[in-house]
>>> print(open('query.cif').read())   # mmCIF, N, CA and C atoms
data_data
loop_
_atom_site.group_PDB
_atom_site.id
_atom_site.type_symbol
_atom_site.label_atom_id
_atom_site.label_comp_id
_atom_site.auth_asym_id
_atom_site.auth_seq_id
_atom_site.Cartn_x
_atom_site.Cartn_y
_atom_site.Cartn_z
ATOM 1 N N ALA M 121 0.852 -1.185 0.000
ATOM 2 C CA ALA M 121 0.000 0.000 0.000
ATOM 3 C C ALA M 121 0.886 1.232 0.000
ATOM 4 N N ALA M 122 0.375 2.309 -0.518
ATOM 5 C CA ALA M 122 1.159 3.543 -0.569
ATOM 6 C C ALA M 122 0.268 4.740 -0.298
ATOM 7 N N GLY M 123 0.783 5.667 0.479
ATOM 8 C CA GLY M 123 0.128 6.945 0.690
ATOM 9 C C GLY M 123 0.810 7.982 -0.177
ATOM 10 N N GLU M 124 0.545 9.249 0.092
ATOM 11 C CA GLU M 124 1.159 10.309 -0.706
ATOM 12 C C GLU M 124 2.676 10.277 -0.616
ATOM 13 N N LYS M 125 3.192 10.063 0.598
ATOM 14 C CA LYS M 125 4.641 10.113 0.793
ATOM 15 C C LYS M 125 5.153 8.977 1.670
ATOM 16 N N HIS M 126 4.377 7.915 1.828
ATOM 17 C CA HIS M 126 4.847 6.772 2.610
ATOM 18 C C HIS M 126 4.446 5.467 1.931
ATOM 19 N N THR M 127 5.220 4.432 2.220
ATOM 20 C CA THR M 127 5.009 3.122 1.616
ATOM 21 C C THR M 127 4.922 2.079 2.712
ATOM 22 N N LEU M 128 4.061 1.089 2.511
ATOM 23 C CA LEU M 128 3.886 0.002 3.466
ATOM 24 C C LEU M 128 4.140 -1.317 2.763
ATOM 25 N N PHE M 129 4.811 -2.217 3.461
ATOM 26 C CA PHE M 129 5.173 -3.520 2.917
ATOM 27 C C PHE M 129 4.556 -4.600 3.795
ATOM 28 N N LEU M 130 3.779 -5.499 3.207
ATOM 29 C CA LEU M 130 3.187 -6.613 3.932
ATOM 30 C C LEU M 130 3.901 -7.892 3.511
ATOM 31 N N ALA M 131 4.657 -8.481 4.435
ATOM 32 C CA ALA M 131 5.402 -9.714 4.151
ATOM 33 C C ALA M 131 4.447 -10.911 4.149
ATOM 34 N N GLN M 132 4.869 -12.000 3.536
ATOM 35 C CA GLN M 132 4.034 -13.198 3.447
ATOM 36 C C GLN M 132 3.644 -13.740 4.815
ATOM 37 N N ASN M 133 4.471 -13.505 5.827
ATOM 38 C CA ASN M 133 4.176 -14.014 7.166
ATOM 39 C C ASN M 133 3.279 -13.078 7.974
ATOM 40 N N GLY M 134 2.771 -11.989 7.358
ATOM 41 C CA GLY M 134 1.868 -11.077 8.039
ATOM 42 C C GLY M 134 2.540 -9.944 8.785
ATOM 43 N N THR M 135 3.838 -9.783 8.603
ATOM 44 C CA THR M 135 4.563 -8.682 9.236
ATOM 45 C C THR M 135 4.508 -7.459 8.328
ATOM 46 N N VAL M 136 4.281 -6.277 8.919
ATOM 47 C CA VAL M 136 4.203 -5.034 8.152
ATOM 48 C C VAL M 136 5.395 -4.145 8.480
ATOM 49 N N PHE M 137 5.955 -3.557 7.430
ATOM 50 C CA PHE M 137 7.051 -2.599 7.543
ATOM 51 C C PHE M 137 6.620 -1.320 6.833
ATOM 52 N N GLY M 138 7.177 -0.191 7.236
ATOM 53 C CA GLY M 138 6.845 1.069 6.593
ATOM 54 C C GLY M 138 8.066 1.941 6.406
ATOM 55 N N ALA M 139 7.997 2.841 5.424
ATOM 56 C CA ALA M 139 9.085 3.785 5.157
ATOM 57 C C ALA M 139 8.493 5.057 4.576
ATOM 58 N N GLY M 140 9.238 6.154 4.723
ATOM 59 C CA GLY M 140 8.841 7.413 4.112
ATOM 60 C C GLY M 140 8.405 8.457 5.112
ATOM 61 N N ASN M 141 7.616 9.405 4.624
ATOM 62 C CA ASN M 141 7.118 10.508 5.437
ATOM 63 C C ASN M 141 6.227 9.973 6.558
ATOM 64 N N ASN M 142 6.319 10.612 7.714
ATOM 65 C CA ASN M 142 5.570 10.154 8.879
ATOM 66 C C ASN M 142 5.069 11.340 9.701
ATOM 67 N N GLN M 143 4.824 12.477 9.037
ATOM 68 C CA GLN M 143 4.535 13.711 9.763
ATOM 69 C C GLN M 143 3.266 13.669 10.597
ATOM 70 N N HIS M 144 2.354 12.755 10.309
ATOM 71 C CA HIS M 144 1.133 12.615 11.107
ATOM 72 C C HIS M 144 1.100 11.280 11.852
ATOM 73 N N GLY M 145 2.233 10.571 11.888
ATOM 74 C CA GLY M 145 2.286 9.280 12.560
ATOM 75 C C GLY M 145 1.698 8.145 11.756
ATOM 76 N N GLN M 146 1.533 8.347 10.442
ATOM 77 C CA GLN M 146 0.864 7.358 9.596
ATOM 78 C C GLN M 146 1.613 6.040 9.462
ATOM 79 N N LEU M 147 2.887 6.004 9.817
ATOM 80 C CA LEU M 147 3.603 4.730 9.803
ATOM 81 C C LEU M 147 3.267 3.895 11.040
ATOM 82 N N GLY M 148 2.651 4.509 12.042
ATOM 83 C CA GLY M 148 2.242 3.766 13.231
ATOM 84 C C GLY M 148 3.390 3.367 14.129
ATOM 85 N N LEU M 149 4.441 4.179 14.162
ATOM 86 C CA LEU M 149 5.641 3.846 14.932
ATOM 87 C C LEU M 149 5.741 4.597 16.255
ATOM 88 N N GLY M 150 4.711 5.355 16.618
ATOM 89 C CA GLY M 150 4.710 6.052 17.890
ATOM 90 C C GLY M 150 5.393 7.403 17.881
ATOM 91 N N ASP M 151 5.800 7.872 16.690
ATOM 92 C CA ASP M 151 6.451 9.176 16.575
ATOM 93 C C ASP M 151 6.130 9.771 15.211
ATOM 94 N N THR M 152 6.749 10.896 14.895
ATOM 95 C CA THR M 152 6.519 11.534 13.592
ATOM 96 C C THR M 152 7.808 11.684 12.790
ATOM 97 N N SER M 153 8.807 10.865 13.089
ATOM 98 C CA SER M 153 10.075 10.908 12.350
ATOM 99 C C SER M 153 9.962 10.096 11.065
ATOM 100 N N GLU M 154 10.454 10.654 9.957
ATOM 101 C CA GLU M 154 10.409 9.884 8.709
ATOM 102 C C GLU M 154 11.436 8.765 8.755
ATOM 103 N N ARG M 155 11.160 7.726 7.978
ATOM 104 C CA ARG M 155 12.040 6.554 7.924
ATOM 105 C C ARG M 155 12.528 6.382 6.491
ATOM 106 N N HIS M 156 13.832 6.164 6.333
ATOM 107 C CA HIS M 156 14.422 5.996 5.009
ATOM 108 C C HIS M 156 14.644 4.537 4.644
ATOM 109 N N ASN M 157 14.405 3.639 5.580
ATOM 110 C CA ASN M 157 14.486 2.203 5.343
ATOM 111 C C ASN M 157 13.220 1.558 5.897
ATOM 112 N N PRO M 158 12.775 0.436 5.312
ATOM 113 C CA PRO M 158 11.602 -0.241 5.856
ATOM 114 C C PRO M 158 11.810 -0.565 7.339
ATOM 115 N N THR M 159 10.839 -0.164 8.161
ATOM 116 C CA THR M 159 10.916 -0.314 9.604
ATOM 117 C C THR M 159 9.725 -1.135 10.086
ATOM 118 N N PHE M 160 9.989 -2.082 10.987
ATOM 119 C CA PHE M 160 8.949 -2.961 11.522
ATOM 120 C C PHE M 160 7.832 -2.158 12.183
ATOM 121 N N ILE M 161 6.566 -2.522 11.874
ATOM 122 C CA ILE M 161 5.409 -1.876 12.493
ATOM 123 C C ILE M 161 4.627 -2.862 13.355
ATOM 124 N N MET M 162 4.147 -3.975 12.787
ATOM 125 C CA MET M 162 3.368 -4.948 13.553
ATOM 126 C C MET M 162 3.319 -6.289 12.831
ATOM 127 N N THR M 163 2.831 -7.318 13.553
ATOM 128 C CA THR M 163 2.702 -8.666 12.996
ATOM 129 C C THR M 163 1.232 -9.066 12.928
ATOM 130 N N ALA M 164 0.985 -10.255 12.401
ATOM 131 C CA ALA M 164 -0.346 -10.868 12.309
ATOM 132 C C ALA M 164 -1.324 -10.015 11.505
ATOM 133 N N VAL M 165 -0.835 -9.399 10.434
ATOM 134 C CA VAL M 165 -1.664 -8.539 9.589
ATOM 135 C C VAL M 165 -1.994 -9.279 8.297
ATOM 136 N N GLN M 166 -3.236 -9.142 7.816
ATOM 137 C CA GLN M 166 -3.595 -9.767 6.544
ATOM 138 C C GLN M 166 -3.785 -8.751 5.429
ATOM 139 N N ALA M 167 -3.994 -7.467 5.769
ATOM 140 C CA ALA M 167 -4.159 -6.444 4.735
ATOM 141 C C ALA M 167 -3.774 -5.079 5.293
ATOM 142 N N VAL M 168 -3.298 -4.216 4.392
ATOM 143 C CA VAL M 168 -2.920 -2.856 4.757
ATOM 144 C C VAL M 168 -3.535 -1.922 3.725
ATOM 145 N N ALA M 169 -4.074 -0.786 4.167
ATOM 146 C CA ALA M 169 -4.634 0.204 3.243
ATOM 147 C C ALA M 169 -4.195 1.587 3.677
ATOM 148 N N SER M 170 -3.884 2.416 2.706
ATOM 149 C CA SER M 170 -3.527 3.796 2.996
ATOM 150 C C SER M 170 -4.159 4.671 1.936
ATOM 151 N N GLY M 171 -4.817 5.726 2.371
ATOM 152 C CA GLY M 171 -5.469 6.607 1.411
ATOM 153 C C GLY M 171 -4.458 7.202 0.459
ATOM 154 N N ASN M 172 -4.637 6.972 -0.824
ATOM 155 C CA ASN M 172 -3.702 7.496 -1.811
ATOM 156 C C ASN M 172 -3.741 9.013 -1.769
ATOM 157 N N GLY M 173 -2.619 9.619 -1.404
ATOM 158 C CA GLY M 173 -2.539 11.065 -1.339
ATOM 159 C C GLY M 173 -2.831 11.611 0.039
ATOM 160 N N ASP M 174 -2.972 10.766 1.045
ATOM 161 C CA ASP M 174 -3.265 11.257 2.384
ATOM 162 C C ASP M 174 -2.284 10.695 3.395
ATOM 163 N N PHE M 175 -2.565 10.934 4.662
ATOM 164 C CA PHE M 175 -1.587 10.664 5.712
ATOM 165 C C PHE M 175 -2.140 9.784 6.824
ATOM 166 N N HIS M 176 -2.889 8.753 6.473
ATOM 167 C CA HIS M 176 -3.347 7.799 7.470
ATOM 168 C C HIS M 176 -3.214 6.387 6.909
ATOM 169 N N THR M 177 -3.203 5.409 7.819
ATOM 170 C CA THR M 177 -3.041 4.019 7.426
ATOM 171 C C THR M 177 -4.003 3.156 8.222
ATOM 172 N N LEU M 178 -4.556 2.141 7.571
ATOM 173 C CA LEU M 178 -5.381 1.146 8.243
ATOM 174 C C LEU M 178 -4.723 -0.216 8.100
ATOM 175 N N PHE M 179 -4.759 -1.003 9.166
ATOM 176 C CA PHE M 179 -4.185 -2.346 9.194
ATOM 177 C C PHE M 179 -5.293 -3.321 9.570
ATOM 178 N N LEU M 180 -5.528 -4.350 8.753
ATOM 179 C CA LEU M 180 -6.490 -5.402 9.086
ATOM 180 C C LEU M 180 -5.705 -6.603 9.582
ATOM 181 N N ARG M 181 -5.849 -6.902 10.859
ATOM 182 C CA ARG M 181 -5.124 -8.040 11.431
ATOM 183 C C ARG M 181 -5.859 -9.339 11.127
ATOM 184 N N GLN M 182 -5.159 -10.446 11.284
ATOM 185 C CA GLN M 182 -5.710 -11.752 10.949
ATOM 186 C C GLN M 182 -6.896 -12.139 11.821
ATOM 187 N N ASP M 183 -7.060 -11.507 12.986
ATOM 188 C CA ASP M 183 -8.206 -11.800 13.856
ATOM 189 C C ASP M 183 -9.437 -10.964 13.507
ATOM 190 N N GLY M 184 -9.366 -10.151 12.426
ATOM 191 C CA GLY M 184 -10.496 -9.347 11.985
ATOM 192 C C GLY M 184 -10.580 -7.972 12.616
ATOM 193 N N THR M 185 -9.567 -7.574 13.378
ATOM 194 C CA THR M 185 -9.549 -6.249 13.998
ATOM 195 C C THR M 185 -8.839 -5.261 13.085
ATOM 196 N N VAL M 186 -9.450 -4.098 12.874
ATOM 197 C CA VAL M 186 -8.817 -3.030 12.103
ATOM 198 C C VAL M 186 -8.184 -2.046 13.077
ATOM 199 N N TYR M 187 -6.934 -1.689 12.794
ATOM 200 C CA TYR M 187 -6.210 -0.671 13.552
ATOM 201 C C TYR M 187 -5.965 0.510 12.628
ATOM 202 N N GLY M 188 -5.943 1.707 13.179
ATOM 203 C CA GLY M 188 -5.677 2.900 12.395
ATOM 204 C C GLY M 188 -4.585 3.741 13.019
ATOM 205 N N ALA M 189 -3.842 4.464 12.168
ATOM 206 C CA ALA M 189 -2.793 5.375 12.637
ATOM 207 C C ALA M 189 -2.678 6.536 11.665
ATOM 208 N N GLY M 190 -2.217 7.676 12.176
ATOM 209 C CA GLY M 190 -1.934 8.816 11.324
ATOM 210 C C GLY M 190 -2.925 9.950 11.457
ATOM 211 N N ARG M 191 -3.038 10.723 10.399
ATOM 212 C CA ARG M 191 -3.887 11.913 10.389
ATOM 213 C C ARG M 191 -5.352 11.532 10.583
ATOM 214 N N ASN M 192 -6.036 12.341 11.383
ATOM 215 C CA ASN M 192 -7.435 12.069 11.676
ATOM 216 C C ASN M 192 -8.247 13.360 11.709
ATOM 217 N N LEU M 193 -7.759 14.403 11.045
ATOM 218 C CA LEU M 193 -8.390 15.722 11.083
ATOM 219 C C LEU M 193 -9.848 15.685 10.636
ATOM 220 N N GLU M 194 -10.164 14.833 9.672
ATOM 221 C CA GLU M 194 -11.532 14.709 9.171
ATOM 222 C C GLU M 194 -12.256 13.506 9.775
ATOM 223 N N GLY M 195 -11.678 12.895 10.791
ATOM 224 C CA GLY M 195 -12.287 11.728 11.419
ATOM 225 C C GLY M 195 -12.137 10.451 10.623
ATOM 226 N N GLN M 196 -11.190 10.425 9.673
ATOM 227 C CA GLN M 196 -11.061 9.287 8.761
ATOM 228 C C GLN M 196 -10.629 7.985 9.435
ATOM 229 N N LEU M 197 -10.119 8.044 10.654
ATOM 230 C CA LEU M 197 -9.774 6.803 11.347
ATOM 231 C C LEU M 197 -11.005 6.139 11.963
ATOM 232 N N GLY M 198 -12.118 6.861 12.018
ATOM 233 C CA GLY M 198 -13.358 6.283 12.531
ATOM 234 C C GLY M 198 -13.381 6.104 14.038
ATOM 235 N N LEU M 199 -12.706 6.987 14.760
ATOM 236 C CA LEU M 199 -12.583 6.852 16.212
ATOM 237 C C LEU M 199 -13.492 7.788 16.997
ATOM 238 N N GLY M 200 -14.303 8.579 16.305
ATOM 239 C CA GLY M 200 -15.214 9.479 16.989
ATOM 240 C C GLY M 200 -14.602 10.797 17.418
ATOM 241 N N ASP M 201 -13.386 11.091 16.943
ATOM 242 C CA ASP M 201 -12.744 12.363 17.254
ATOM 243 C C ASP M 201 -11.880 12.786 16.071
ATOM 244 N N THR M 202 -11.105 13.840 16.238
ATOM 245 C CA THR M 202 -10.251 14.331 15.146
ATOM 246 C C THR M 202 -8.790 14.449 15.576
ATOM 247 N N SER M 203 -8.363 13.640 16.542
ATOM 248 C CA SER M 203 -6.972 13.652 17.002
ATOM 249 C C SER M 203 -6.139 12.660 16.204
ATOM 250 N N ASP M 204 -4.960 13.091 15.751
ATOM 251 C CA ASP M 204 -4.035 12.184 15.071
ATOM 252 C C ASP M 204 -3.598 11.082 16.032
ATOM 253 N N ARG M 205 -3.267 9.917 15.465
ATOM 254 C CA ARG M 205 -2.741 8.808 16.257
ATOM 255 C C ARG M 205 -1.379 8.430 15.703
ATOM 256 N N TRP M 206 -0.361 8.427 16.545
ATOM 257 C CA TRP M 206 1.005 8.114 16.115
ATOM 258 C C TRP M 206 1.312 6.629 16.185
ATOM 259 N N ALA M 207 0.467 5.863 16.837
ATOM 260 C CA ALA M 207 0.616 4.411 16.933
ATOM 261 C C ALA M 207 -0.734 3.787 16.593
ATOM 262 N N PRO M 208 -0.746 2.579 16.046
ATOM 263 C CA PRO M 208 -2.007 1.943 15.675
ATOM 264 C C PRO M 208 -2.926 1.743 16.883
ATOM 265 N N VAL M 209 -4.189 2.118 16.718
ATOM 266 C CA VAL M 209 -5.204 1.915 17.750
ATOM 267 C C VAL M 209 -6.363 1.128 17.145
ATOM 268 N N PRO M 210 -7.026 0.283 17.943
ATOM 269 C CA PRO M 210 -8.150 -0.494 17.425
ATOM 270 C C PRO M 210 -9.290 0.416 16.975
ATOM 271 N N VAL M 211 -9.865 0.099 15.815
ATOM 272 C CA VAL M 211 -10.963 0.882 15.258
ATOM 273 C C VAL M 211 -12.253 0.064 15.249
ATOM 274 N N MET M 212 -12.154 -1.198 14.812
ATOM 275 C CA MET M 212 -13.354 -2.016 14.615
ATOM 276 C C MET M 212 -12.961 -3.490 14.653
ATOM 277 N N THR M 213 -13.896 -4.361 15.048
ATOM 278 C CA THR M 213 -13.634 -5.800 15.083
ATOM 279 C C THR M 213 -14.550 -6.528 14.105
ATOM 280 N N ASP M 214 -14.268 -7.800 13.889
ATOM 281 C CA ASP M 214 -15.057 -8.667 13.003
ATOM 282 C C ASP M 214 -15.133 -8.140 11.576
ATOM 283 N N VAL M 215 -14.026 -7.623 11.072
ATOM 284 C CA VAL M 215 -13.959 -7.062 9.719
ATOM 285 C C VAL M 215 -13.385 -8.113 8.773
ATOM 286 N N GLN M 216 -13.970 -8.226 7.595
ATOM 287 C CA GLN M 216 -13.500 -9.180 6.590
ATOM 288 C C GLN M 216 -12.570 -8.524 5.579
ATOM 289 N N SER M 217 -12.892 -7.298 5.154
ATOM 290 C CA SER M 217 -12.041 -6.580 4.211
ATOM 291 C C SER M 217 -12.213 -5.090 4.460
ATOM 292 N N MET M 218 -11.315 -4.294 3.889
ATOM 293 C CA MET M 218 -11.370 -2.846 4.080
ATOM 294 C C MET M 218 -10.677 -2.158 2.924
ATOM 295 N N CYS M 219 -10.911 -0.876 2.801
ATOM 296 C CA CYS M 219 -10.173 -0.038 1.874
ATOM 297 C C CYS M 219 -10.119 1.347 2.492
ATOM 298 N N SER M 220 -9.330 2.215 1.915
ATOM 299 C CA SER M 220 -9.144 3.538 2.492
ATOM 300 C C SER M 220 -9.114 4.572 1.387
ATOM 301 N N GLY M 221 -9.757 5.695 1.632
ATOM 302 C CA GLY M 221 -9.747 6.790 0.672
ATOM 303 C C GLY M 221 -8.862 7.921 1.142
ATOM 304 N N ARG M 222 -8.920 9.020 0.422
ATOM 305 C CA ARG M 222 -8.053 10.153 0.741
ATOM 306 C C ARG M 222 -8.391 10.758 2.091
ATOM 307 N N TYR M 223 -9.649 10.976 2.381
ATOM 308 C CA TYR M 223 -10.067 11.530 3.666
ATOM 309 C C TYR M 223 -10.938 10.539 4.383
#
>>> encode(input="query.cif", output="structure tokens")
Amino acid sequence: AAGEKHTLFLAQNGTVFGAGNNQHGQLGLGDTSERHNPTFIMTAVQAVASGNGDFHTLFLRQDGTVYGAGRNLEGQLGLGDTSDRWAPVPVMTDVQSMCSGRY
């Protein structure tokens, strides 16, 4: 998956790595520092989505839980507020598939 300025890599074993711009915490690493090499984010993931051209990321774990990180100014993480998240937080459970838009 790719955002405007960040890239996410999903390995065959379900491990996710990220690189690039992280100004809103969209890499889910707990900070806003950009990464120039793929950096470990989380395990047990089956799908990753990032709004093309935006600064948030969604992770669908193998247990059906969606986690979100990054910009949330328009409420795009679905958490009921507009605060950015620098680390992945649970958004929804029992999810089969997902996608992400710009906002």
>>> select_by_dssp(input="query.cif", residues="segment 146-216 of chain M", states="strand (DSSP E or B)", output="PyMOL selection string")
chain M and resi 155-162+165-170+176-181+186-190+205-212
>>> closest_residue(input="query.cif", among="M:Leu193, M:Val168, M:Ile161, M:Leu149", to="Ala122 of chain M", atoms="only C-alpha atoms")
M:Val168
>>> resolve_selection(input="query.cif", expression="the PyMOL selection byres (((chain M and resi 194 and name CA) around 12) and name CA)", output="MDAnalysis selection string")
chainID M and resid 174:176 190:193 195:204 221:223
>>> resolve_selection(input="query.cif", expression="the PyMOL selection byres ((chain M and resi 146) around 8)", output="PyMOL selection string")
chain M and resi 126+138+141-145+147-152+174-178+188-191+205-208
>>> write_last_selection(input="query.cif", atoms="N, CA and C atoms", output="short mmCIF file (atom, residue, chain, number, x, y, z; two decimals), in the frame of the given file")
data_model
loop_
_atom_site.label_atom_id
_atom_site.label_comp_id
_atom_site.auth_asym_id
_atom_site.auth_seq_id
_atom_site.Cartn_x
_atom_site.Cartn_y
_atom_site.Cartn_z
N HIS M 126 4.38 7.92 1.83
CA HIS M 126 4.85 6.77 2.61
C HIS M 126 4.45 5.47 1.93
N GLY M 138 7.18 -0.19 7.24
CA GLY M 138 6.84 1.07 6.59
C GLY M 138 8.07 1.94 6.41
N ASN M 141 7.62 9.40 4.62
CA ASN M 141 7.12 10.51 5.44
C ASN M 141 6.23 9.97 6.56
N ASN M 142 6.32 10.61 7.71
CA ASN M 142 5.57 10.15 8.88
C ASN M 142 5.07 11.34 9.70
N GLN M 143 4.82 12.48 9.04
CA GLN M 143 4.54 13.71 9.76
C GLN M 143 3.27 13.67 10.60
N HIS M 144 2.35 12.76 10.31
CA HIS M 144 1.13 12.62 11.11
C HIS M 144 1.10 11.28 11.85
N GLY M 145 2.23 10.57 11.89
CA GLY M 145 2.29 9.28 12.56
C GLY M 145 1.70 8.14 11.76
N LEU M 147 2.89 6.00 9.82
CA LEU M 147 3.60 4.73 9.80
C LEU M 147 3.27 3.90 11.04
N GLY M 148 2.65 4.51 12.04
CA GLY M 148 2.24 3.77 13.23
C GLY M 148 3.39 3.37 14.13
N LEU M 149 4.44 4.18 14.16
CA LEU M 149 5.64 3.85 14.93
C LEU M 149 5.74 4.60 16.26
N GLY M 150 4.71 5.36 16.62
CA GLY M 150 4.71 6.05 17.89
C GLY M 150 5.39 7.40 17.88
N ASP M 151 5.80 7.87 16.69
CA ASP M 151 6.45 9.18 16.58
C ASP M 151 6.13 9.77 15.21
N THR M 152 6.75 10.90 14.90
CA THR M 152 6.52 11.53 13.59
C THR M 152 7.81 11.68 12.79
N ASP M 174 -2.97 10.77 1.04
CA ASP M 174 -3.26 11.26 2.38
C ASP M 174 -2.28 10.70 3.40
N PHE M 175 -2.56 10.93 4.66
CA PHE M 175 -1.59 10.66 5.71
C PHE M 175 -2.14 9.78 6.82
N HIS M 176 -2.89 8.75 6.47
CA HIS M 176 -3.35 7.80 7.47
C HIS M 176 -3.21 6.39 6.91
N THR M 177 -3.20 5.41 7.82
CA THR M 177 -3.04 4.02 7.43
C THR M 177 -4.00 3.16 8.22
N LEU M 178 -4.56 2.14 7.57
CA LEU M 178 -5.38 1.15 8.24
C LEU M 178 -4.72 -0.22 8.10
N GLY M 188 -5.94 1.71 13.18
CA GLY M 188 -5.68 2.90 12.40
C GLY M 188 -4.58 3.74 13.02
N ALA M 189 -3.84 4.46 12.17
CA ALA M 189 -2.79 5.38 12.64
C ALA M 189 -2.68 6.54 11.66
N GLY M 190 -2.22 7.68 12.18
CA GLY M 190 -1.93 8.82 11.32
C GLY M 190 -2.92 9.95 11.46
N ARG M 191 -3.04 10.72 10.40
CA ARG M 191 -3.89 11.91 10.39
C ARG M 191 -5.35 11.53 10.58
N ARG M 205 -3.27 9.92 15.46
CA ARG M 205 -2.74 8.81 16.26
C ARG M 205 -1.38 8.43 15.70
N TRP M 206 -0.36 8.43 16.55
CA TRP M 206 1.00 8.11 16.11
C TRP M 206 1.31 6.63 16.18
N ALA M 207 0.47 5.86 16.84
CA ALA M 207 0.62 4.41 16.93
C ALA M 207 -0.73 3.79 16.59
N PRO M 208 -0.75 2.58 16.05
CA PRO M 208 -2.01 1.94 15.68
C PRO M 208 -2.93 1.74 16.88
#
>>> resolve_selection(input="query.cif", expression="the PyMOL selection byres (((chain M and resi 180 and name CA) around 7) and name CA)", output="list in words")
Val165, Gln166, Ala167, Val168, Leu178, Phe179, Arg181, Gln182, Gly184, Thr185, Val186 and Tyr187 of chain M
>>> axis_aligned_box(input="query.cif", around="segment 173-191 of chain M", padding_each_side="8 Å", output="AutoDock Vina command-line options")
--center_x -6.1 --center_y -0.1 --center_z 6.3 --size_x 25.0 --size_y 40.1 --size_z 31.4
>>> residues_near_point(input="query.cif", point="(-13.9, -8.3, 12.3)", cutoff="6 Å", atoms="only N, CA and C atoms", output="list in words")
Asp183, Gly184, Thr185, Met212, Thr213, Asp214, Val215 and Gln216 of chain M
>>> residues_around(input="query.cif", residues="Phe129 of chain M", least_positions_apart="3", cutoff="6.5 Å", atoms="only N, CA and C atoms", output="PyMOL selection string")
chain M and resi 121+135-139
>>> atom_distance(input="query.cif", atom1="atom CA of Gly140 of chain M", atom2="atom CA of Ser217 of chain M")
25.1 Å
>>> atom_distance(input="query.cif", atom1="atom C of Ala169 of chain M", atom2="atom CA of Gln132 of chain M")
16.9 Å
>>> decode(input="query.cif", residues="segment 155-171 of chain M", atoms="N, CA and C atoms", output="CSV table (one decimal), in the first residue's frame")
chain,number,residue,atom,x,y,z
M,155,ARG,N,11.2,7.7,8.0
M,155,ARG,CA,12.0,6.6,7.9
M,155,ARG,C,12.5,6.4,6.5
M,156,HIS,N,13.8,6.2,6.3
M,156,HIS,CA,14.4,6.0,5.0
M,156,HIS,C,14.6,4.5,4.6
M,157,ASN,N,14.4,3.6,5.6
M,157,ASN,CA,14.5,2.2,5.3
M,157,ASN,C,13.2,1.6,5.9
M,158,PRO,N,12.8,0.4,5.3
M,158,PRO,CA,11.6,-0.2,5.9
M,158,PRO,C,11.8,-0.6,7.3
M,159,THR,N,10.8,-0.2,8.2
M,159,THR,CA,10.9,-0.3,9.6
M,159,THR,C,9.7,-1.1,10.1
M,160,PHE,N,10.0,-2.1,11.0
M,160,PHE,CA,8.9,-3.0,11.5
M,160,PHE,C,7.8,-2.2,12.2
M,161,ILE,N,6.6,-2.5,11.9
M,161,ILE,CA,5.4,-1.9,12.5
M,161,ILE,C,4.6,-2.9,13.4
M,162,MET,N,4.1,-4.0,12.8
M,162,MET,CA,3.4,-4.9,13.6
M,162,MET,C,3.3,-6.3,12.8
M,163,THR,N,2.8,-7.3,13.6
M,163,THR,CA,2.7,-8.7,13.0
M,163,THR,C,1.2,-9.1,12.9
M,164,ALA,N,1.0,-10.3,12.4
M,164,ALA,CA,-0.3,-10.9,12.3
M,164,ALA,C,-1.3,-10.0,11.5
M,165,VAL,N,-0.8,-9.4,10.4
M,165,VAL,CA,-1.7,-8.5,9.6
M,165,VAL,C,-2.0,-9.3,8.3
M,166,GLN,N,-3.2,-9.1,7.8
M,166,GLN,CA,-3.6,-9.8,6.5
M,166,GLN,C,-3.8,-8.8,5.4
M,167,ALA,N,-4.0,-7.5,5.8
M,167,ALA,CA,-4.2,-6.4,4.7
M,167,ALA,C,-3.8,-5.1,5.3
M,168,VAL,N,-3.3,-4.2,4.4
M,168,VAL,CA,-2.9,-2.9,4.8
M,168,VAL,C,-3.5,-1.9,3.7
M,169,ALA,N,-4.1,-0.8,4.2
M,169,ALA,CA,-4.6,0.2,3.2
M,169,ALA,C,-4.2,1.6,3.7
M,170,SER,N,-3.9,2.4,2.7
M,170,SER,CA,-3.5,3.8,3.0
M,170,SER,C,-4.2,4.7,1.9
M,171,GLY,N,-4.8,5.7,2.4
M,171,GLY,CA,-5.5,6.6,1.4
M,171,GLY,C,-4.5,7.2,0.5
